[in-house]
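Beneath this line is the structure, given in structure tokens, with notes to follow.
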Amino acid sequence: MADTTYTFPIGPVHPALKEPTMFKFVMDGEVVVDVDVQPGINHRGIEFIGMRRNVLQTLHLAERICGICSIVHQYAFTLATERAAQVFEVPERAQYIRIIMAELERLHSHLLWAGVAAHELGFDTLLHLSWKIREDVQDVLEIISGNRVNYAMYYPGGVRRDIPPEKIPRIKKVLDHYKENFQMLADTFLGDPVIKHRTVGVGTLSKKDAIATSTVGPTTRASGVMKDVRFDQPYDAYADIDIKPVIPSNYGFEDAGDVYANIVVRLIEVAQSIEIIEYALDNMPSGPYRAEMNVNKVLMMLRKADGEGFGIHEAPRGEMCHYVRLKENQDNLDAWKVRASTYNNILAWQKKLIGQQIADVSIVAASIDPCIGCMDRVAVVDSRTGKEKIMTDVDFHRLSVEKTKRLRK
Amino acid sequence: MNEEIIKLGFALIYGIATILAVIFLGLLYKGIDRKLAARFQSRVGPPIRQPFRDVSKLFMKETITPENSVSWIFHSMPLIAFATALLIILYLPIGPFAPILGEYGDLILIVYLLAIPSLAIAVGGFSSGSPVATIGAQREMVLMMSYEFPLAIVVLSLAWLANINATGNAFALGTFTANPVWEMVGIVGAMGLVLLLASIFVVLTSELSKLPFDIPEAETELAGGVFAEYSGRDMAMFYLADAVKSFAMVTLVVALFFPYNLSPWIISQFGVELPAIMGIPIAAYVIDLLFFLFKVFIIMFFAVTFVRVSLARLKIDKASYIYLVPTTIIAIMGMVFIYMGSAL
Amino acid sequence: MKVMNGDEFASYIKDRFGNNVLSMRVDKFKNGVKKSEFHSVWLRVDRSVFKDVMRAITEIHDEAHIAVASGSDLGEEIEIIYHLNLFWGERNRQLTVNLGVRCPKDDPHLPTISDLIPGALITEREKQEFLGITIDGIPDPRRLFLAENTPEGFYPWRKDEDQQEKLKKLYRDVHEEGV
């Protein structure tokens with residue numbers, strides 16, 4: 001065995017990876033014998049920056065941790081801040097607007113993932129179909145918030161913008177359009193023989209492993225584990241809605257934890273999200289959408305607050321946590337810890353990848369819907385010289401100027 | 001003596017003109033294929049002249065030799081692939097024009113020549129010394145060994161059919177042009193021919209390294225696989241070789257199965273005399289050439305564009321299985337039907 | 001598995017570990033129109049009983065979910081808070097337990113909990129490299145996010161006085177060596 005194995009690197013930059021990370025595979029022929037995941041290439045030192053800014057500045061910084069799942073960080077951060085300060089009474093209308101935004105984001109994130117998964121399988125037509133459908137939800141997000149990404153909706157004590165009644169018919173129109181198209185998408189993903197052949201039994205994660213390694217989100221639900229923060233610990237308006245975690249066996253599929261089960265879970269969650277949004281739009285109570293409208297007052301309240309809070313939100317990729325500690329008479333955060341969903345799924349990655357063929361590596365790696373930007377946040381590391389350095393933008397600018405000069409010669 | 005030289009010079013000019021025309025057509029068809037695939041996927045897609053731009057851009061780019069590579073093999077393989085692809089063209093009838101080297105080679109030679117570009121790609125992959133390219137090259141070899149068998153069965157069945165039904169060398173392509181295969185068989189034999197056509201369509205996709213059989217390149221798995229280390233001129237050569245080989249392969253299918261020309265039918269149907277200059281029937285040539293290009297387009301569309309937008313990439317074990325078992329069985333069944341058809 | 005709410009859990013731990021529980025708080029949050037409630041327990045325990053408390057928690061729920069361990073530098077001490085989710089799998093039953101433990105900077109050692117909850121490995125590796133504590137008995141002590149050749153003794157989350165000096169030294173290396 002040992003004689004025939006060789007190492008095969010994927011990363012730091014590779015077409016199969018949408019963001020930089022590093023896999024080192026020990027291969028025997030086309031089969032993976034061992035794998036080591038080495039994250040950390042995308043570090044930007046976000047927590048370090050956040051601890052040097054006040055809460056409202058950090059709120060917007062949190063949103064920029066990741067482009068795809070931008071508001072989930074903002075949501076979890078807002079929850080953590082509110083729980084730490086314990087002075088905000090979030091209005092009911094705001095709670096509903098919050099979950100509408102969170103579910104719209106889940107819609108777009110799952111559709112984006114569906115496209116990426118199809119691309120990893122080499123099925124570009126399906127990629128373009130999924131992303132074409134995804135455009136509609138982007139439009140809705142733009143109608144509500146003015147932006148396609150980074151919606152800037154959450155705020156300690158409520159939300160920044162209301163959803164006025166005249167916008168609701170437009171949102172509902174898109175939801176109806178989704179309901180019509182959903183079946184086509186589901187049939188293509190779940191019925192296509194080649195996709196079945198590429199995904200059934202590939203990258204399995206047993207229920208026991210999924211529980212032991214504390215996996216989160218669709219990755220763990222595909223293995224049949226009933227973990228969903230919206231259900232286990234309903235927060236905000238989720239407390240009013242009867243949500244059941246999507247588990248393949250409830251819909252006539254197998255809880256195999258393979259790529260196919262992941263597709264099933266995410267597709268059914270798309271349908272579930274549509275239902276939640278419709279319910280929330282219909283039952284949204286009237287009233288204010290923010291507890292305190294004056295920004296300076298909010299800042300003063302946060303300055304006076306003293307305590308710690310832990311906010312959990314069920315992001316499209318799974319449980320997302322922020323830990324925040326506020327100190328009295330201190331503007332900046334005393335401590336901040338971001339934990340993205342992908343962070344808890346690294347161990348599952350290793351379990352899923354061992355024993356796979358090299359052809360399956362990319363789809364298995366994609367099956368947990370990795371978000372490297374979320375996972376790697378902390379150190380400021382550069383590996384260009386082989387020695388790790390801490391770089392600033394000044395340094396990068398200087399190096400870039402030097403390189404230009406060198407090339408001119 | 002003088003006549004010999006004139007004939008040779010004419011052949012030379014004719015050959016060069018054919019090669020240039022085929023390179024142009026190969027790239028044009030590539031552009032059309034990309035545009036159509038994009039329309040299928042509701043994209044705008046690149047302009048049809050994009051492949052020409054790609055090639056000219058690649059020629060301008062730096063050609064990098066990887067550190068671990070065997071340099072001379074690494075750089076010679078693209079040339080070999082391109083040269084053989086061009087050579088195949090000279091053995092194939094392009095529409096109304098007879099093959100230039102038709103007298104010097106036959107069907108068996110073409111089948112061998114078709115294997116060489118793939119081999120050159122595999123050898124180039126092995127010599128580039130990158131693990132990605134090595135895996136890609138291994139896959140290329142596996143795939144080649146798998147699809148050569150059904151391809152050989154198809155070619156042999158047709159040759160055998162020609163041997164008993166037609167006069168002349170059964171392995172020469174000219175025989176097939178003169179006697180279309182469909183006219184040699186009855187209903188049972190025609191069913192056999194359809195099966196052979198089906199299996200050669202499956203082989204075609206893989207021979208051209210298109211989805212779902214682009215396993216050696218597999219962008220999302222191997223980052224370009226065998227071509228991972230190629231750049232600049234070398235990559236341009238492979239690109240051109242691919243374009244020319246696609247055209248050649250489809251031309252072969254046309255020559256074997258659909259060698260019909262349009263002009264005789266027009267003449268007999270409408271009773272018109274097509275104009276000719278200096279004894280050369282220019283108008284008939286133009287009509288036949290356009291008809292031929294149309295046939296190539298139709299086959300290209302159904303065998304390449306249509307298939308590649310509607311399927312996902314297969315794994316190498318499954319792809320190999322598809323060739324070794326179902327496709328081979330279909331080809332053998334086709335052969336049996338033809339045998340039965342001519343025995344009855 | 002014996003399902004408890006926040007108050008029951010807090011009193012159970014308090015009874016069992018007595019004075020080794022340094023502080024305790026139960027947060028209750030009301031949500032939605034129906035004002036349904038969930039609990040969150042904040043515990044600070046002494047380092048000597050930390051592993052026992054963790055074991056007691058896994059005895060209460062053997063499939064405890066570790067969300068993350070957050071850590072911070074308090075000056076003389078380093079504090080690690082383990083955020084655990086218990087009793088998941090039933091609607092509105094989950095209890096968040098935030099178990100804090102402190103260790104002095106001159107003896108930064110904590111026992112591993114990855115034998116009780118294997119999923120804690122990733123976060124333990126991160127705490128090691130970013131806060132400069134040592135997790136005793138960790139199965140995979142390598143660095144996670146920081147590259148292997150980051151200089152020893154530089155821990156990004158420490159708020160030591162000489163931290164700025166260390167940062168500057170790293171910058172200087174870049175300036176001297178160039179790229």
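Naming works like this for the structure tokens: A, B, ... for the chains as they're shown, residue 1 at the start of each chain, ligands 1 onward in shown order.
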
Can you write out as JSON lines which residues of chain A fall within 6 Å of chain C, alongside each residue's closest atom pair and its distance in Å to one decimal, counting only C-alpha atoms and ordering rows by chain and ascending residue number?
{"residue": "A:Pro39", "atom": "CA", "partner": "C:Phe145", "partner_atom": "CA", "distance": 5.5}
{"residue": "A:Gly40", "atom": "CA", "partner": "C:Phe145", "partner_atom": "CA", "distance": 4.0}
{"residue": "A:Ala212", "atom": "CA", "partner": "C:Pro118", "partner_atom": "CA", "distance": 5.7}
{"residue": "A:Thr213", "atom": "CA", "partner": "C:Gly119", "partner_atom": "CA", "distance": 3.6}
{"residue": "A:Ser214", "atom": "CA", "partner": "C:Gly119", "partner_atom": "CA", "distance": 5.0}
{"residue": "A:Met226", "atom": "CA", "partner": "C:Gly89", "partner_atom": "CA", "distance": 5.0}
{"residue": "A:Lys227", "atom": "CA", "partner": "C:Gly89", "partner_atom": "CA", "distance": 5.9}
{"residue": "A:Phe231", "atom": "CA", "partner": "C:Arg91", "partner_atom": "CA", "distance": 5.2}
{"residue": "A:Asp232", "atom": "CA", "partner": "C:Asn92", "partner_atom": "CA", "distance": 4.8}
{"residue": "A:Gln233", "atom": "CA", "partner": "C:Asn92", "partner_atom": "CA", "distance": 4.7}
{"residue": "A:Tyr235", "atom": "CA", "partner": "C:Asn31", "partner_atom": "CA", "distance": 5.7}
{"residue": "A:Asp236", "atom": "CA", "partner": "C:Asn31", "partner_atom": "CA", "distance": 4.8}
{"residue": "A:Ala237", "atom": "CA", "partner": "C:Gly32", "partner_atom": "CA", "distance": 4.3}
{"residue": "A:Ala239", "atom": "CA", "partner": "C:Gly32", "partner_atom": "CA", "distance": 5.4}
{"residue": "A:Asp240", "atom": "CA", "partner": "C:Gly32", "partner_atom": "CA", "distance": 5.8}
{"residue": "A:Lys337", "atom": "CA", "partner": "C:Ser70", "partner_atom": "CA", "distance": 5.8}
{"residue": "A:Glu388", "atom": "CA", "partner": "C:Thr150", "partner_atom": "CA", "distance": 5.4}

Give the helix (DSSP H, G or I) residues of segment 56-103 of chain B, as assigned by DSSP on the backbone, as an mmCIF file with N, CA, C and O atoms, in the first residue's frame.
data_model
loop_
_atom_site.group_PDB
_atom_site.id
_atom_site.type_symbol
_atom_site.label_atom_id
_atom_site.label_comp_id
_atom_site.auth_asym_id
_atom_site.auth_seq_id
_atom_site.Cartn_x
_atom_site.Cartn_y
_atom_site.Cartn_z
ATOM 1 N N SER B 56 -5.298 33.294 -31.429
ATOM 2 C CA SER B 56 -4.287 34.326 -31.664
ATOM 3 C C SER B 56 -3.744 34.839 -30.334
ATOM 4 O O SER B 56 -2.555 35.149 -30.213
ATOM 5 N N LYS B 57 -4.585 34.853 -29.320
ATOM 6 C CA LYS B 57 -4.117 35.307 -28.018
ATOM 7 C C LYS B 57 -3.143 34.307 -27.413
ATOM 8 O O LYS B 57 -2.101 34.678 -26.868
ATOM 9 N N LEU B 58 -3.491 33.013 -27.549
ATOM 10 C CA LEU B 58 -2.600 31.990 -26.998
ATOM 11 C C LEU B 58 -1.230 32.053 -27.650
ATOM 12 O O LEU B 58 -0.200 31.850 -27.007
ATOM 13 N N PHE B 59 -1.209 32.344 -28.967
ATOM 14 C CA PHE B 59 0.088 32.421 -29.651
ATOM 15 C C PHE B 59 0.934 33.577 -29.132
ATOM 16 O O PHE B 59 2.149 33.540 -29.198
ATOM 17 N N MET B 60 0.262 34.598 -28.636
ATOM 18 C CA MET B 60 1.006 35.744 -28.123
ATOM 19 C C MET B 60 1.531 35.514 -26.718
ATOM 20 O O MET B 60 2.409 36.210 -26.252
ATOM 21 N N SER B 71 11.414 18.196 -21.068
ATOM 22 C CA SER B 71 11.145 19.358 -21.901
ATOM 23 C C SER B 71 10.829 19.014 -23.355
ATOM 24 O O SER B 71 9.838 19.475 -23.912
ATOM 25 N N TRP B 72 11.683 18.175 -23.990
ATOM 26 C CA TRP B 72 11.496 17.991 -25.438
ATOM 27 C C TRP B 72 10.218 17.219 -25.741
ATOM 28 O O TRP B 72 9.529 17.516 -26.715
ATOM 29 N N ILE B 73 9.876 16.254 -24.893
ATOM 30 C CA ILE B 73 8.610 15.548 -25.114
ATOM 31 C C ILE B 73 7.455 16.505 -24.886
ATOM 32 O O ILE B 73 6.511 16.588 -25.667
ATOM 33 N N PHE B 74 7.587 17.275 -23.801
ATOM 34 C CA PHE B 74 6.528 18.210 -23.420
ATOM 35 C C PHE B 74 6.211 19.167 -24.564
ATOM 36 O O PHE B 74 5.054 19.433 -24.854
ATOM 37 N N HIS B 75 7.240 19.666 -25.225
ATOM 38 C CA HIS B 75 6.998 20.646 -26.284
ATOM 39 C C HIS B 75 6.681 20.010 -27.635
ATOM 40 O O HIS B 75 6.075 20.662 -28.492
ATOM 41 N N SER B 76 7.110 18.765 -27.856
ATOM 42 C CA SER B 76 6.861 18.176 -29.172
ATOM 43 C C SER B 76 5.459 17.592 -29.291
ATOM 44 O O SER B 76 4.915 17.511 -30.387
ATOM 45 N N MET B 77 4.861 17.206 -28.155
ATOM 46 C CA MET B 77 3.568 16.536 -28.228
ATOM 47 C C MET B 77 2.461 17.412 -28.844
ATOM 48 O O MET B 77 1.679 16.918 -29.656
ATOM 49 N N PRO B 78 2.383 18.709 -28.498
ATOM 50 C CA PRO B 78 1.349 19.525 -29.148
ATOM 51 C C PRO B 78 1.507 19.543 -30.658
ATOM 52 O O PRO B 78 0.511 19.452 -31.397
ATOM 53 N N LEU B 79 2.759 19.610 -31.127
ATOM 54 C CA LEU B 79 3.002 19.622 -32.567
ATOM 55 C C LEU B 79 2.536 18.323 -33.198
ATOM 56 O O LEU B 79 1.906 18.312 -34.254
ATOM 57 N N ILE B 80 2.887 17.205 -32.537
ATOM 58 C CA ILE B 80 2.502 15.901 -33.081
ATOM 59 C C ILE B 80 0.989 15.798 -33.170
ATOM 60 O O ILE B 80 0.429 15.370 -34.185
ATOM 61 N N ALA B 81 0.331 16.243 -32.094
ATOM 62 C CA ALA B 81 -1.136 16.174 -32.087
ATOM 63 C C ALA B 81 -1.715 16.992 -33.235
ATOM 64 O O ALA B 81 -2.592 16.520 -33.972
ATOM 65 N N PHE B 82 -1.205 18.201 -33.423
ATOM 66 C CA PHE B 82 -1.718 19.083 -34.455
ATOM 67 C C PHE B 82 -1.427 18.511 -35.842
ATOM 68 O O PHE B 82 -2.301 18.454 -36.720
ATOM 69 N N ALA B 83 -0.182 18.027 -36.021
ATOM 70 C CA ALA B 83 0.207 17.508 -37.331
ATOM 71 C C ALA B 83 -0.634 16.291 -37.712
ATOM 72 O O ALA B 83 -1.103 16.179 -38.847
ATOM 73 N N THR B 84 -0.851 15.383 -36.755
ATOM 74 C CA THR B 84 -1.642 14.193 -37.104
ATOM 75 C C THR B 84 -3.078 14.566 -37.400
ATOM 76 O O THR B 84 -3.687 14.001 -38.310
ATOM 77 N N ALA B 85 -3.601 15.516 -36.631
ATOM 78 C CA ALA B 85 -4.977 15.925 -36.897
ATOM 79 C C ALA B 85 -5.094 16.442 -38.320
ATOM 80 O O ALA B 85 -6.057 16.130 -39.031
ATOM 81 N N LEU B 86 -4.096 17.209 -38.767
ATOM 82 C CA LEU B 86 -4.116 17.723 -40.136
ATOM 83 C C LEU B 86 -3.977 16.601 -41.150
ATOM 84 O O LEU B 86 -4.603 16.603 -42.208
ATOM 85 N N LEU B 87 -3.135 15.613 -40.794
ATOM 86 C CA LEU B 87 -2.893 14.496 -41.700
ATOM 87 C C LEU B 87 -4.189 13.728 -41.963
ATOM 88 O O LEU B 87 -4.455 13.315 -43.088
ATOM 89 N N ILE B 88 -4.978 13.568 -40.893
ATOM 90 C CA ILE B 88 -6.229 12.819 -41.064
ATOM 91 C C ILE B 88 -7.087 13.484 -42.134
ATOM 92 O O ILE B 88 -7.683 12.812 -42.978
ATOM 93 N N ILE B 89 -7.114 14.828 -42.078
ATOM 94 C CA ILE B 89 -7.939 15.584 -43.011
ATOM 95 C C ILE B 89 -7.602 15.236 -44.457
ATOM 96 O O ILE B 89 -8.487 15.108 -45.313
ATOM 97 N N LEU B 90 -6.296 15.034 -44.730
ATOM 98 C CA LEU B 90 -5.890 14.782 -46.100
ATOM 99 C C LEU B 90 -6.360 13.422 -46.605
ATOM 100 O O LEU B 90 -6.341 13.143 -47.792
ATOM 101 N N GLY B 102 -5.931 10.004 -50.822
ATOM 102 C CA GLY B 102 -6.811 8.843 -50.844
ATOM 103 C C GLY B 102 -6.150 7.574 -51.344
ATOM 104 O O GLY B 102 -6.478 6.485 -50.890
ATOM 105 N N GLU B 103 -5.215 7.735 -52.270
ATOM 106 C CA GLU B 103 -4.611 6.537 -52.846
ATOM 107 C C GLU B 103 -3.580 5.914 -51.917
ATOM 108 O O GLU B 103 -3.155 4.792 -52.121
#

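Residues in contact with segment 293-298 of chain A at 10 Å, where only C-alpha atoms are counted and same-chain residues fewer than 4 positions away are skipped, are listed as Val55, Leu56, Val87, Phe88, Tyr155, Pro156, Gly157, Gly158, Val159, Arg160, Pro288, Tyr289, Leu302, Arg303 and Lys304 of chain A.
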
Export of prior selection with all heavy atoms as a compact mmCIF listing (two decimals), in the first residue's frame:
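To be explicit, this is the file written out as part38.txt:
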# COMPACT_ATOMS: atom_id res chain seq x y z
N VAL A 55 -19.81 49.18 18.69
CA VAL A 55 -20.71 48.08 18.33
C VAL A 55 -21.36 48.31 16.96
O VAL A 55 -21.45 47.40 16.15
CB VAL A 55 -21.79 47.91 19.41
CG1 VAL A 55 -22.76 46.83 19.01
CG2 VAL A 55 -21.15 47.56 20.72
N LEU A 56 -21.79 49.56 16.70
CA LEU A 56 -22.49 49.78 15.44
C LEU A 56 -21.54 49.70 14.25
O LEU A 56 -21.93 49.28 13.16
CB LEU A 56 -23.20 51.13 15.46
CG LEU A 56 -24.34 51.22 16.47
CD1 LEU A 56 -25.06 52.54 16.33
CD2 LEU A 56 -25.31 50.07 16.29
N VAL A 87 -31.11 45.55 27.18
CA VAL A 87 -31.90 46.76 27.35
C VAL A 87 -32.89 46.95 26.22
O VAL A 87 -33.73 47.83 26.29
CB VAL A 87 -31.01 48.02 27.45
CG1 VAL A 87 -30.33 48.05 28.78
CG2 VAL A 87 -30.02 48.06 26.31
N PHE A 88 -32.78 46.14 25.19
CA PHE A 88 -33.64 46.36 24.02
C PHE A 88 -34.84 45.42 24.07
O PHE A 88 -34.70 44.22 24.31
CB PHE A 88 -32.88 46.10 22.73
CG PHE A 88 -31.73 47.02 22.55
CD1 PHE A 88 -30.44 46.58 22.78
CD2 PHE A 88 -31.93 48.33 22.15
CE1 PHE A 88 -29.38 47.43 22.61
CE2 PHE A 88 -30.86 49.17 21.99
CZ PHE A 88 -29.58 48.73 22.22
N TYR A 155 -30.31 45.58 13.34
CA TYR A 155 -29.88 46.69 14.17
C TYR A 155 -30.22 46.32 15.60
O TYR A 155 -31.24 45.68 15.84
CB TYR A 155 -30.67 47.94 13.76
CG TYR A 155 -29.97 49.22 14.04
CD1 TYR A 155 -28.89 49.61 13.26
CD2 TYR A 155 -30.37 50.03 15.09
CE1 TYR A 155 -28.24 50.79 13.52
CE2 TYR A 155 -29.71 51.22 15.35
CZ TYR A 155 -28.64 51.58 14.55
OH TYR A 155 -28.00 52.75 14.81
N PRO A 156 -29.38 46.65 16.55
CA PRO A 156 -29.75 46.32 17.93
C PRO A 156 -31.10 46.94 18.26
O PRO A 156 -31.28 48.16 18.12
CB PRO A 156 -28.62 46.95 18.76
CG PRO A 156 -27.47 47.01 17.83
CD PRO A 156 -28.05 47.25 16.47
N GLY A 157 -32.04 46.10 18.63
CA GLY A 157 -33.37 46.60 18.96
C GLY A 157 -34.32 46.65 17.80
O GLY A 157 -35.33 47.35 17.87
N GLY A 158 -34.03 45.95 16.71
CA GLY A 158 -34.99 45.94 15.61
C GLY A 158 -34.32 45.78 14.27
O GLY A 158 -33.33 45.07 14.15
N VAL A 159 -34.90 46.44 13.27
CA VAL A 159 -34.31 46.41 11.93
C VAL A 159 -34.17 47.85 11.44
O VAL A 159 -34.76 48.77 12.00
CB VAL A 159 -35.17 45.60 10.93
CG1 VAL A 159 -35.08 44.13 11.23
CG2 VAL A 159 -36.60 46.06 10.93
N ARG A 160 -33.39 48.02 10.39
CA ARG A 160 -33.14 49.38 9.90
C ARG A 160 -34.25 49.87 8.98
O ARG A 160 -34.45 51.07 8.83
CB ARG A 160 -31.81 49.42 9.16
CG ARG A 160 -30.62 49.52 10.07
CD ARG A 160 -29.36 49.20 9.31
NE ARG A 160 -29.14 50.15 8.25
CZ ARG A 160 -28.39 51.23 8.38
NH1 ARG A 160 -27.81 51.49 9.52
NH2 ARG A 160 -28.23 52.05 7.37
N PRO A 288 -44.07 49.53 15.55
CA PRO A 288 -42.74 50.05 15.20
C PRO A 288 -41.82 48.93 14.74
O PRO A 288 -42.06 47.75 15.04
CB PRO A 288 -42.25 50.68 16.50
CG PRO A 288 -42.95 49.91 17.56
CD PRO A 288 -44.28 49.54 17.00
N TYR A 289 -40.78 49.29 14.00
CA TYR A 289 -39.82 48.27 13.57
C TYR A 289 -38.47 48.42 14.24
O TYR A 289 -37.53 47.72 13.91
CB TYR A 289 -39.70 48.26 12.04
CG TYR A 289 -39.21 49.55 11.43
CD1 TYR A 289 -37.85 49.75 11.21
CD2 TYR A 289 -40.10 50.55 11.07
CE1 TYR A 289 -37.40 50.93 10.66
CE2 TYR A 289 -39.66 51.72 10.53
CZ TYR A 289 -38.31 51.91 10.32
OH TYR A 289 -37.88 53.08 9.77
N LEU A 302 -25.63 51.09 24.60
CA LEU A 302 -24.64 50.02 24.49
C LEU A 302 -23.40 50.34 25.33
O LEU A 302 -22.74 49.45 25.87
CB LEU A 302 -24.24 49.83 23.03
CG LEU A 302 -25.30 49.19 22.14
CD1 LEU A 302 -24.95 49.36 20.68
CD2 LEU A 302 -25.45 47.72 22.49
N ARG A 303 -23.11 51.63 25.45
CA ARG A 303 -21.94 52.04 26.23
C ARG A 303 -22.17 51.75 27.71
O ARG A 303 -21.25 51.37 28.43
CB ARG A 303 -21.71 53.52 26.00
CG ARG A 303 -20.37 54.03 26.48
CD ARG A 303 -20.23 55.49 26.13
NE ARG A 303 -19.26 56.14 27.01
CZ ARG A 303 -17.96 56.04 26.85
NH1 ARG A 303 -17.47 55.34 25.86
NH2 ARG A 303 -17.13 56.65 27.68
N LYS A 304 -23.42 51.94 28.14
CA LYS A 304 -23.71 51.71 29.55
C LYS A 304 -23.82 50.22 29.88
O LYS A 304 -23.74 49.82 31.02
CB LYS A 304 -25.04 52.39 29.90
CG LYS A 304 -24.88 53.86 30.22
CD LYS A 304 -26.22 54.42 30.64
CE LYS A 304 -26.27 55.91 30.39
NZ LYS A 304 -27.60 56.33 29.99

Which residue of B:Phe257, B:Phe306, B:Phe171, B:Phe97 approaches chain A most closely, using only C-alpha atoms: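 For chain A, the nearest of the candidates is B:Phe306.
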
If we count only C-alpha atoms and set the cut-off at 7 Å, which residues sit around Leu110 of chain C, ignoring sequence neighbours fewer than 2 positions away in its own chain? Please answer as a PDB file with N, CA, C and O atoms, in the first residue's frame.
ATOM      1  N   PRO C 108      -0.679  28.394  31.587  1.00  0.00           N
ATOM      2  CA  PRO C 108      -1.868  28.305  30.721  1.00  0.00           C
ATOM      3  C   PRO C 108      -2.151  26.884  30.264  1.00  0.00           C
ATOM      4  O   PRO C 108      -1.878  26.510  29.126  1.00  0.00           O
ATOM      5  N   THR C 112      -8.100  18.646  27.783  1.00  0.00           N
ATOM      6  CA  THR C 112      -8.898  18.562  26.555  1.00  0.00           C
ATOM      7  C   THR C 112     -10.282  18.023  26.865  1.00  0.00           C
ATOM      8  O   THR C 112     -10.466  17.278  27.833  1.00  0.00           O
ATOM      9  N   THR C 134      -2.195  25.828  26.501  1.00  0.00           N
ATOM     10  CA  THR C 134      -1.898  24.454  26.115  1.00  0.00           C
ATOM     11  C   THR C 134      -3.067  23.580  26.523  1.00  0.00           C
ATOM     12  O   THR C 134      -3.492  23.618  27.681  1.00  0.00           O
ATOM     13  N   ILE C 135      -3.600  22.854  25.574  1.00  0.00           N
ATOM     14  CA  ILE C 135      -4.672  21.919  25.877  1.00  0.00           C
ATOM     15  C   ILE C 135      -4.001  20.572  26.110  1.00  0.00           C
ATOM     16  O   ILE C 135      -3.439  19.987  25.184  1.00  0.00           O
ATOM     17  N   ASP C 136      -4.048  20.087  27.341  1.00  0.00           N
ATOM     18  CA  ASP C 136      -3.371  18.818  27.648  1.00  0.00           C
ATOM     19  C   ASP C 136      -4.171  17.656  27.079  1.00  0.00           C
ATOM     20  O   ASP C 136      -5.378  17.569  27.284  1.00  0.00           O
TER      21      ASP C 136
END

Chain A contacts to chain B at 8 Å (only C-alpha atoms) as a ChimeraX atom specification: /A:8,14-16,30,118-126,128-129,194-195,198,358-362

Counting only C-alpha atoms, the option among A:Leu299, A:Trp131, A:Ser70, A:Ile274 closest to Asp176 of chain A: A:Ile274

Interatomic distance, atom CA of Asp136 of chain A to atom CA of Pro234 of chain A (Å, one decimal):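 Distance between the two atoms: 28.1 Å.
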
Test item: residues at most 6 Å from segment 78-86 of chain A, only C-alpha atoms, excluding those fewer than 2 positions along its chain, as a ChimeraX atom specification: /A:74-76,88,156,305,307-311,324

What would the file look like if the residues just selected were written as a CSV table (one decimal), in the first residue's frame with N, CA, C and O atoms?
chain,number,residue,atom,x,y,z
A,74,GLN,N,-24.6,39.3,10.6
A,74,GLN,CA,-25.2,40.5,11.2
A,74,GLN,C,-26.3,40.1,12.2
A,74,GLN,O,-26.4,40.6,13.3
A,75,TYR,N,-27.1,39.1,11.8
A,75,TYR,CA,-28.2,38.6,12.6
A,75,TYR,C,-27.6,38.0,13.9
A,75,TYR,O,-28.1,38.4,15.0
A,76,ALA,N,-26.7,37.1,13.8
A,76,ALA,CA,-26.1,36.5,15.0
A,76,ALA,C,-25.5,37.5,15.9
A,76,ALA,O,-25.6,37.5,17.2
A,88,PHE,N,-32.8,46.1,25.2
A,88,PHE,CA,-33.6,46.4,24.0
A,88,PHE,C,-34.8,45.4,24.1
A,88,PHE,O,-34.7,44.2,24.3
A,156,PRO,N,-29.4,46.7,16.6
A,156,PRO,CA,-29.7,46.3,17.9
A,156,PRO,C,-31.1,46.9,18.3
A,156,PRO,O,-31.3,48.2,18.1
A,305,ALA,N,-24.1,49.4,28.8
A,305,ALA,CA,-24.3,48.0,29.1
A,305,ALA,C,-23.1,47.3,29.5
A,305,ALA,O,-22.0,47.7,29.2
A,307,GLY,N,-22.1,43.2,30.1
A,307,GLY,CA,-22.5,41.8,30.1
A,307,GLY,C,-22.0,41.0,28.9
A,307,GLY,O,-21.3,41.6,28.1
A,308,GLU,N,-22.4,39.8,28.8
A,308,GLU,CA,-22.0,39.0,27.7
A,308,GLU,C,-23.2,38.3,27.1
A,308,GLU,O,-24.2,38.0,27.8
A,309,GLY,N,-23.1,38.1,25.8
A,309,GLY,CA,-24.3,37.4,25.2
A,309,GLY,C,-23.8,36.5,24.1
A,309,GLY,O,-22.7,36.6,23.5
A,310,PHE,N,-24.6,35.5,23.8
A,310,PHE,CA,-24.2,34.5,22.8
A,310,PHE,C,-25.4,34.3,21.9
A,310,PHE,O,-26.5,33.9,22.3
A,311,GLY,N,-25.2,34.8,20.6
A,311,GLY,CA,-26.3,34.7,19.7
A,311,GLY,C,-26.1,33.6,18.7
A,311,GLY,O,-25.1,33.4,18.2
A,324,VAL,N,-20.3,37.9,22.3
A,324,VAL,CA,-20.0,39.3,22.4
A,324,VAL,C,-19.9,39.6,23.9
A,324,VAL,O,-20.8,39.2,24.7

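Using only C-alpha atoms, the smallest distance between any of A:Ser223, A:Gln38, A:Asn332, A:Gln183 and Asp209 of chain A comes from A:Ser223.
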